>>> print(open('final_1.pdb').read())   # PDB, N, CA and C atoms
ATOM      1  N   MET Y  96      13.605   4.813   5.599
ATOM      2  CA  MET Y  96      13.796   4.879   4.167
ATOM      3  C   MET Y  96      14.898   3.926   3.723
ATOM      4  N   ASN Y  97      15.926   3.787   4.531
ATOM      5  CA  ASN Y  97      17.016   2.900   4.137
ATOM      6  C   ASN Y  97      16.529   1.467   3.931
ATOM      7  N   GLU Y  98      15.613   1.007   4.769
ATOM      8  CA  GLU Y  98      15.100  -0.358   4.636
ATOM      9  C   GLU Y  98      14.222  -0.479   3.389
ATOM     10  N   VAL Y  99      13.427   0.528   3.096
ATOM     11  CA  VAL Y  99      12.605   0.513   1.878
ATOM     12  C   VAL Y  99      13.514   0.430   0.661
ATOM     13  N   VAL Y 100      14.517   1.267   0.635
ATOM     14  CA  VAL Y 100      15.439   1.289  -0.500
ATOM     15  C   VAL Y 100      16.184  -0.043  -0.606
ATOM     16  N   ARG Y 101      16.548  -0.625   0.514
ATOM     17  CA  ARG Y 101      17.292  -1.887   0.497
ATOM     18  C   ARG Y 101      16.489  -3.024  -0.136
ATOM     19  N   VAL Y 102      15.211  -3.138   0.208
ATOM     20  CA  VAL Y 102      14.415  -4.270  -0.266
ATOM     21  C   VAL Y 102      13.741  -4.020  -1.616
ATOM     22  N   LEU Y 103      13.673  -2.779  -2.053
ATOM     23  CA  LEU Y 103      13.017  -2.454  -3.315
ATOM     24  C   LEU Y 103      13.965  -2.707  -4.487
ATOM     25  N   LYS Y 104      13.503  -3.462  -5.462
ATOM     26  CA  LYS Y 104      14.314  -3.750  -6.650
ATOM     27  C   LYS Y 104      14.397  -2.506  -7.527
ATOM     28  N   PRO Y 105      15.448  -2.366  -8.321
ATOM     29  CA  PRO Y 105      15.500  -1.267  -9.294
ATOM     30  C   PRO Y 105      14.269  -1.323 -10.204
ATOM     31  N   GLY Y 106      13.650  -0.194 -10.406
ATOM     32  CA  GLY Y 106      12.410  -0.118 -11.178
ATOM     33  C   GLY Y 106      11.174  -0.364 -10.331
ATOM     34  N   GLY Y 107      11.371  -0.772  -9.075
ATOM     35  CA  GLY Y 107      10.247  -1.035  -8.181
ATOM     36  C   GLY Y 107       9.568   0.248  -7.739
ATOM     37  N   LEU Y 108       8.298   0.128  -7.398
ATOM     38  CA  LEU Y 108       7.505   1.280  -6.959
ATOM     39  C   LEU Y 108       7.284   1.237  -5.460
ATOM     40  N   PHE Y 109       7.362   2.387  -4.846
ATOM     41  CA  PHE Y 109       7.061   2.549  -3.422
ATOM     42  C   PHE Y 109       5.905   3.536  -3.327
ATOM     43  N   ALA Y 110       4.741   3.052  -2.914
ATOM     44  CA  ALA Y 110       3.565   3.912  -2.741
ATOM     45  C   ALA Y 110       3.394   4.185  -1.256
ATOM     46  N   VAL Y 111       3.170   5.430  -0.915
ATOM     47  CA  VAL Y 111       3.077   5.809   0.487
ATOM     48  C   VAL Y 111       2.025   6.901   0.669
ATOM     49  N   SER Y 112       1.271   6.800   1.736
ATOM     50  CA  SER Y 112       0.389   7.902   2.142
ATOM     51  C   SER Y 112       0.874   8.349   3.512
ATOM     52  N   PHE Y 113       0.657   9.597   3.814
ATOM     53  CA  PHE Y 113       1.225  10.153   5.040
ATOM     54  C   PHE Y 113       0.422  11.369   5.472
ATOM     55  N   ASP Y 114       0.541  11.688   6.748
ATOM     56  CA  ASP Y 114      -0.104  12.879   7.288
ATOM     57  C   ASP Y 114       0.862  14.051   7.186
ATOM     58  N   ILE Y 115       0.309  15.215   6.861
ATOM     59  CA  ILE Y 115       1.091  16.442   6.729
ATOM     60  C   ILE Y 115       0.575  17.450   7.757
ATOM     61  N   CYS Y 116       1.496  18.005   8.510
ATOM     62  CA  CYS Y 116       1.155  19.051   9.478
ATOM     63  C   CYS Y 116       2.088  20.234   9.261
ATOM     64  N   GLU Y 117       1.510  21.354   8.880
ATOM     65  CA  GLU Y 117       2.255  22.586   8.654
ATOM     66  C   GLU Y 117       1.875  23.587   9.747
ATOM     67  N   PRO Y 118       2.628  23.640  10.844
ATOM     68  CA  PRO Y 118       2.275  24.532  11.955
ATOM     69  C   PRO Y 118       2.116  26.001  11.546
ATOM     70  N   GLU Y 119       2.911  26.469  10.572
ATOM     71  CA  GLU Y 119       2.788  27.871  10.164
ATOM     72  C   GLU Y 119       1.465  28.155   9.465
ATOM     73  N   ARG Y 120       0.746  27.104   9.071
ATOM     74  CA  ARG Y 120      -0.596  27.258   8.499
ATOM     75  C   ARG Y 120      -1.671  27.037   9.557
ATOM     76  N   GLY Y 121      -1.267  26.934  10.833
ATOM     77  CA  GLY Y 121      -2.216  26.737  11.919
ATOM     78  C   GLY Y 121      -2.599  25.289  12.151
ATOM     79  N   MET Y 122      -1.894  24.360  11.516
ATOM     80  CA  MET Y 122      -2.213  22.944  11.671
ATOM     81  C   MET Y 122      -1.576  22.386  12.941
ATOM     82  N   THR Y 123      -2.231  21.384  13.508
ATOM     83  CA  THR Y 123      -1.699  20.652  14.652
ATOM     84  C   THR Y 123      -1.907  19.163  14.398
ATOM     85  N   PHE Y 124      -1.128  18.347  15.087
ATOM     86  CA  PHE Y 124      -1.240  16.899  14.961
ATOM     87  C   PHE Y 124      -1.225  16.323  16.364
ATOM     88  N   PRO Y 125      -2.184  15.437  16.707
ATOM     89  CA  PRO Y 125      -2.260  14.920  18.072
ATOM     90  C   PRO Y 125      -1.045  14.051  18.423
ATOM     91  N   GLU Y 126      -0.438  14.323  19.565
ATOM     92  CA  GLU Y 126       0.749  13.579  19.984
ATOM     93  C   GLU Y 126       0.479  12.088  20.109
ATOM     94  N   TRP Y 127      -0.737  11.720  20.526
ATOM     95  CA  TRP Y 127      -1.063  10.306  20.705
ATOM     96  C   TRP Y 127      -1.103   9.543  19.383
ATOM     97  N   ASN Y 128      -1.083  10.259  18.264
ATOM     98  CA  ASN Y 128      -1.176   9.631  16.954
ATOM     99  C   ASN Y 128       0.185   9.529  16.257
ATOM    100  N   GLY Y 129       1.260   9.760  16.983
ATOM    101  CA  GLY Y 129       2.591   9.703  16.383
ATOM    102  C   GLY Y 129       3.046  11.063  15.927
ATOM    103  N   ARG Y 130       3.630  11.118  14.737
ATOM    104  CA  ARG Y 130       4.170  12.376  14.234
ATOM    105  C   ARG Y 130       3.870  12.504  12.745
ATOM    106  N   ALA Y 131       3.423  13.657  12.345
ATOM    107  CA  ALA Y 131       3.187  13.942  10.932
ATOM    108  C   ALA Y 131       4.431  14.604  10.344
ATOM    109  N   LEU Y 132       4.526  14.561   9.039
ATOM    110  CA  LEU Y 132       5.623  15.216   8.337
ATOM    111  C   LEU Y 132       5.210  16.611   7.893
ATOM    112  N   THR Y 133       6.168  17.493   7.768
ATOM    113  CA  THR Y 133       5.922  18.729   7.035
ATOM    114  C   THR Y 133       6.176  18.410   5.557
ATOM    115  N   ILE Y 134       5.719  19.279   4.691
ATOM    116  CA  ILE Y 134       5.971  19.080   3.268
ATOM    117  C   ILE Y 134       7.477  19.014   3.015
ATOM    118  N   ARG Y 135       8.223  19.891   3.638
ATOM    119  CA  ARG Y 135       9.677  19.938   3.459
ATOM    120  C   ARG Y 135      10.329  18.637   3.938
ATOM    121  N   GLU Y 136       9.870  18.098   5.064
ATOM    122  CA  GLU Y 136      10.420  16.833   5.558
ATOM    123  C   GLU Y 136      10.151  15.696   4.572
ATOM    124  N   PHE Y 137       8.941  15.634   4.029
ATOM    125  CA  PHE Y 137       8.636  14.610   3.028
ATOM    126  C   PHE Y 137       9.607  14.719   1.853
ATOM    127  N   GLU Y 138       9.774  15.926   1.365
ATOM    128  CA  GLU Y 138      10.660  16.131   0.222
ATOM    129  C   GLU Y 138      12.094  15.703   0.543
ATOM    130  N   ASP Y 139      12.599  16.154   1.681
ATOM    131  CA  ASP Y 139      13.988  15.879   2.035
ATOM    132  C   ASP Y 139      14.251  14.406   2.337
ATOM    133  N   VAL Y 140      13.346  13.754   3.039
ATOM    134  CA  VAL Y 140      13.576  12.377   3.484
ATOM    135  C   VAL Y 140      13.185  11.354   2.425
ATOM    136  N   LEU Y 141      12.063  11.569   1.744
ATOM    137  CA  LEU Y 141      11.584  10.571   0.790
ATOM    138  C   LEU Y 141      11.813  10.987  -0.661
ATOM    139  N   TRP Y 142      11.209  12.073  -1.074
ATOM    140  CA  TRP Y 142      11.195  12.449  -2.485
ATOM    141  C   TRP Y 142      12.605  12.624  -3.061
ATOM    142  N   LEU Y 143      13.463  13.289  -2.327
ATOM    143  CA  LEU Y 143      14.806  13.574  -2.829
ATOM    144  C   LEU Y 143      15.838  12.515  -2.435
ATOM    145  N   HIS Y 144      15.387  11.408  -1.882
ATOM    146  CA  HIS Y 144      16.314  10.321  -1.556
ATOM    147  C   HIS Y 144      17.005   9.892  -2.849
ATOM    148  N   PRO Y 145      18.325   9.741  -2.819
ATOM    149  CA  PRO Y 145      19.062   9.427  -4.050
ATOM    150  C   PRO Y 145      18.582   8.178  -4.787
ATOM    151  N   ALA Y 146      18.007   7.225  -4.084
ATOM    152  CA  ALA Y 146      17.554   5.986  -4.729
ATOM    153  C   ALA Y 146      16.422   6.215  -5.726
ATOM    154  N   PHE Y 147      15.720   7.338  -5.620
ATOM    155  CA  PHE Y 147      14.577   7.579  -6.494
ATOM    156  C   PHE Y 147      14.896   8.529  -7.643
ATOM    157  N   GLY Y 148      16.085   9.098  -7.655
ATOM    158  CA  GLY Y 148      16.536   9.893  -8.789
ATOM    159  C   GLY Y 148      15.861  11.236  -8.978
ATOM    160  N   ASN Y 149      15.053  11.682  -8.032
ATOM    161  CA  ASN Y 149      14.414  12.994  -8.169
ATOM    162  C   ASN Y 149      15.420  14.081  -7.795
ATOM    163  N   THR Y 150      15.518  15.099  -8.623
ATOM    164  CA  THR Y 150      16.450  16.195  -8.344
ATOM    165  C   THR Y 150      15.739  17.518  -8.082
ATOM    166  N   ALA Y 151      14.451  17.550  -8.340
ATOM    167  CA  ALA Y 151      13.659  18.760  -8.091
ATOM    168  C   ALA Y 151      12.537  18.412  -7.123
ATOM    169  N   ARG Y 152      12.119  19.384  -6.369
ATOM    170  CA  ARG Y 152      11.016  19.177  -5.436
ATOM    171  C   ARG Y 152       9.720  18.992  -6.230
ATOM    172  N   PRO Y 153       8.776  18.202  -5.704
ATOM    173  CA  PRO Y 153       7.535  17.957  -6.451
ATOM    174  C   PRO Y 153       6.638  19.188  -6.483
ATOM    175  N   LEU Y 154       5.737  19.194  -7.429
ATOM    176  CA  LEU Y 154       4.706  20.233  -7.486
ATOM    177  C   LEU Y 154       3.546  19.764  -6.625
ATOM    178  N   TRP Y 155       3.143  20.581  -5.694
ATOM    179  CA  TRP Y 155       2.061  20.234  -4.772
ATOM    180  C   TRP Y 155       0.777  20.922  -5.199
ATOM    181  N   ASN Y 156      -0.333  20.273  -4.972
ATOM    182  CA  ASN Y 156      -1.643  20.866  -5.213
ATOM    183  C   ASN Y 156      -2.029  21.675  -3.978
ATOM    184  N   THR Y 157      -1.350  22.775  -3.758
ATOM    185  CA  THR Y 157      -1.581  23.571  -2.547
ATOM    186  C   THR Y 157      -2.958  24.242  -2.549
ATOM    187  N   ALA Y 158      -3.576  24.394  -3.717
ATOM    188  CA  ALA Y 158      -4.910  24.990  -3.758
ATOM    189  C   ALA Y 158      -5.938  24.108  -3.055
ATOM    190  N   ALA Y 159      -5.663  22.816  -2.956
ATOM    191  CA  ALA Y 159      -6.610  21.895  -2.317
ATOM    192  C   ALA Y 159      -6.441  21.807  -0.805
ATOM    193  N   ILE Y 160      -5.371  22.376  -0.265
ATOM    194  CA  ILE Y 160      -5.105  22.231   1.167
ATOM    195  C   ILE Y 160      -6.208  22.850   2.016
ATOM    196  N   ASP Y 161      -6.528  24.095   1.784
ATOM    197  CA  ASP Y 161      -7.514  24.763   2.643
ATOM    198  C   ASP Y 161      -8.905  24.134   2.565
ATOM    199  N   PRO Y 162      -9.438  23.816   1.368
ATOM    200  CA  PRO Y 162     -10.746  23.155   1.333
ATOM    201  C   PRO Y 162     -10.732  21.780   2.009
ATOM    202  N   PHE Y 163      -9.672  20.996   1.798
ATOM    203  CA  PHE Y 163      -9.596  19.691   2.437
ATOM    204  C   PHE Y 163      -9.508  19.849   3.945
ATOM    205  N   LEU Y 164      -8.680  20.771   4.418
ATOM    206  CA  LEU Y 164      -8.525  20.993   5.852
ATOM    207  C   LEU Y 164      -9.848  21.422   6.484
ATOM    208  N   ALA Y 165     -10.582  22.284   5.811
ATOM    209  CA  ALA Y 165     -11.888  22.722   6.331
ATOM    210  C   ALA Y 165     -12.825  21.527   6.486
ATOM    211  N   TRP Y 166     -12.857  20.648   5.485
ATOM    212  CA  TRP Y 166     -13.696  19.456   5.584
ATOM    213  C   TRP Y 166     -13.170  18.505   6.658
ATOM    214  N   HIS Y 167     -11.874  18.264   6.665
ATOM    215  CA  HIS Y 167     -11.269  17.306   7.594
ATOM    216  C   HIS Y 167     -11.545  17.689   9.046
ATOM    217  N   ARG Y 168     -11.541  18.972   9.332
ATOM    218  CA  ARG Y 168     -11.823  19.446  10.697
ATOM    219  C   ARG Y 168     -13.237  19.101  11.135
ATOM    220  N   THR Y 169     -14.154  18.933  10.180
ATOM    221  CA  THR Y 169     -15.536  18.596  10.547
ATOM    222  C   THR Y 169     -15.701  17.123  10.898
ATOM    223  N   THR Y 170     -14.728  16.279  10.546
ATOM    224  CA  THR Y 170     -14.865  14.836  10.752
ATOM    225  C   THR Y 170     -14.467  14.388  12.154
ATOM    226  N   ALA Y 171     -13.612  15.161  12.827
ATOM    227  CA  ALA Y 171     -13.199  14.861  14.204
ATOM    228  C   ALA Y 171     -12.480  16.084  14.755
ATOM    229  N   PRO Y 172     -12.609  16.349  16.037
ATOM    230  CA  PRO Y 172     -11.993  17.548  16.617
ATOM    231  C   PRO Y 172     -10.472  17.616  16.446
ATOM    232  N   HIS Y 173      -9.809  16.472  16.417
ATOM    233  CA  HIS Y 173      -8.344  16.473  16.330
ATOM    234  C   HIS Y 173      -7.830  16.480  14.887
ATOM    235  N   HIS Y 174      -8.712  16.492  13.900
ATOM    236  CA  HIS Y 174      -8.287  16.474  12.498
ATOM    237  C   HIS Y 174      -7.929  17.878  12.020
ATOM    238  N   ASN Y 175      -6.765  18.328  12.425
ATOM    239  CA  ASN Y 175      -6.288  19.656  12.055
ATOM    240  C   ASN Y 175      -4.992  19.530  11.249
ATOM    241  N   TYR Y 176      -5.009  18.614  10.289
ATOM    242  CA  TYR Y 176      -3.866  18.340   9.428
ATOM    243  C   TYR Y 176      -4.415  17.790   8.116
ATOM    244  N   VAL Y 177      -3.556  17.607   7.135
ATOM    245  CA  VAL Y 177      -3.991  17.066   5.849
ATOM    246  C   VAL Y 177      -3.214  15.784   5.545
ATOM    247  N   THR Y 178      -3.564  15.133   4.465
ATOM    248  CA  THR Y 178      -2.879  13.910   4.073
ATOM    249  C   THR Y 178      -2.242  14.101   2.699
ATOM    250  N   GLY Y 179      -1.245  13.302   2.455
ATOM    251  CA  GLY Y 179      -0.565  13.333   1.157
ATOM    252  C   GLY Y 179      -0.301  11.908   0.710
ATOM    253  N   ALA Y 180       0.029  11.736  -0.541
ATOM    254  CA  ALA Y 180       0.381  10.426  -1.065
ATOM    255  C   ALA Y 180       1.359  10.621  -2.218
ATOM    256  N   ALA Y 181       2.180   9.600  -2.412
ATOM    257  CA  ALA Y 181       3.162   9.658  -3.497
ATOM    258  C   ALA Y 181       3.505   8.248  -3.943
ATOM    259  N   VAL Y 182       3.929   8.135  -5.185
ATOM    260  CA  VAL Y 182       4.470   6.895  -5.721
ATOM    261  C   VAL Y 182       5.877   7.229  -6.220
ATOM    262  N   LEU Y 183       6.850   6.504  -5.689
ATOM    263  CA  LEU Y 183       8.245   6.727  -6.029
ATOM    264  C   LEU Y 183       8.783   5.498  -6.754
ATOM    265  N   ASN Y 184       9.586   5.728  -7.774
ATOM    266  CA  ASN Y 184      10.145   4.662  -8.589
ATOM    267  C   ASN Y 184      11.647   4.584  -8.312
ATOM    268  N   LYS Y 185      12.111   3.416  -7.846
ATOM    269  CA  LYS Y 185      13.542   3.267  -7.557
ATOM    270  C   LYS Y 185      14.320   3.190  -8.876
ATOM    271  N   THR Y 186      15.346   4.011  -8.985
ATOM    272  CA  THR Y 186      16.159   4.035 -10.205
ATOM    273  C   THR Y 186      17.187   2.925 -10.188
TER     274      THR Y 186
END
>>> encode(input="final_1.pdb", output="structure tokens")
Amino acid sequence: MNEVVRVLKPGGLFAVSFDICEPERGMTFPEWNGRALTIREFEDVLWLHPAFGNTARPLWNTAAIDPFLAWHRTTAPHHNYVTGAAVLNKT
């Protein structure tokens, strides 16, 4: 994040997509694929980074998690996680 913040101009946008794995919801992420974030990790590391000026945690569309996860599991045996995306504006 420090490098993103360093090169991003004030008013610049940072768009990111990422994998989310919430073990307490029964999700798993394959070790060979790196590491997924939890929702809390995304919020703490990216969303609430001081460079973006956010002071409150984002509102998540949690109602879509279970239907997406059910579909995602049908696409490959190791797809037991969901994806997220965000656009952050540097203040």
>>> resolve_selection(input="final_1.pdb", expression="the PyMOL selection byres ((chain Y and resi 134-150) around 5)", output="NGL selection string")
:Y and (132-133 or 151-152 or 184-186)
>>> axis_aligned_box(input="final_1.pdb", around="range 136-148 of chain Y", padding_each_side="6 Å", output="AutoDock Vina command-line options")
--center_x 13.8 --center_y 12.0 --center_z -1.7 --size_x 22.4 --size_y 24.1 --size_z 26.5
>>> select_by_dssp(input="final_1.pdb", residues="chain Y", states="helix (DSSP H, G or I)", output="number ranges by chain")
Y: 97-102, 118-120, 126-128, 134-142, 145-147, 157-170
>>> atom_distance(input="final_1.pdb", atom1="atom N of His167 in chain Y", atom2="atom C of Ala110 in chain Y")
22.2 Å
>>> residues_near_point(input="final_1.pdb", point="(0.7, 22.2, 9.8)", cutoff="8 Å", atoms="all atoms listed in the file", output="ChimeraX atom specification")
/Y:115-124,132-134,175-177
>>> atom_distance(input="final_1.pdb", atom1="atom C of Phe109 in chain Y", atom2="CA of Ile160 in chain Y")
22.2 Å
>>> select_by_dssp(input="final_1.pdb", residues="chain Y", states="strand (DSSP E)", output="list in words")
Leu108, Phe109, Ala110, Val111, Ser112, Phe113, Asp114, Ile115, Val177, Thr178, Gly179, Ala180, Ala181, Val182, Leu183 and Asn184 of chain Y
>>> atom_distance(input="final_1.pdb", atom1="CA of Phe113 in chain Y", atom2="CA of Asp161 in chain Y")
17.2 Å
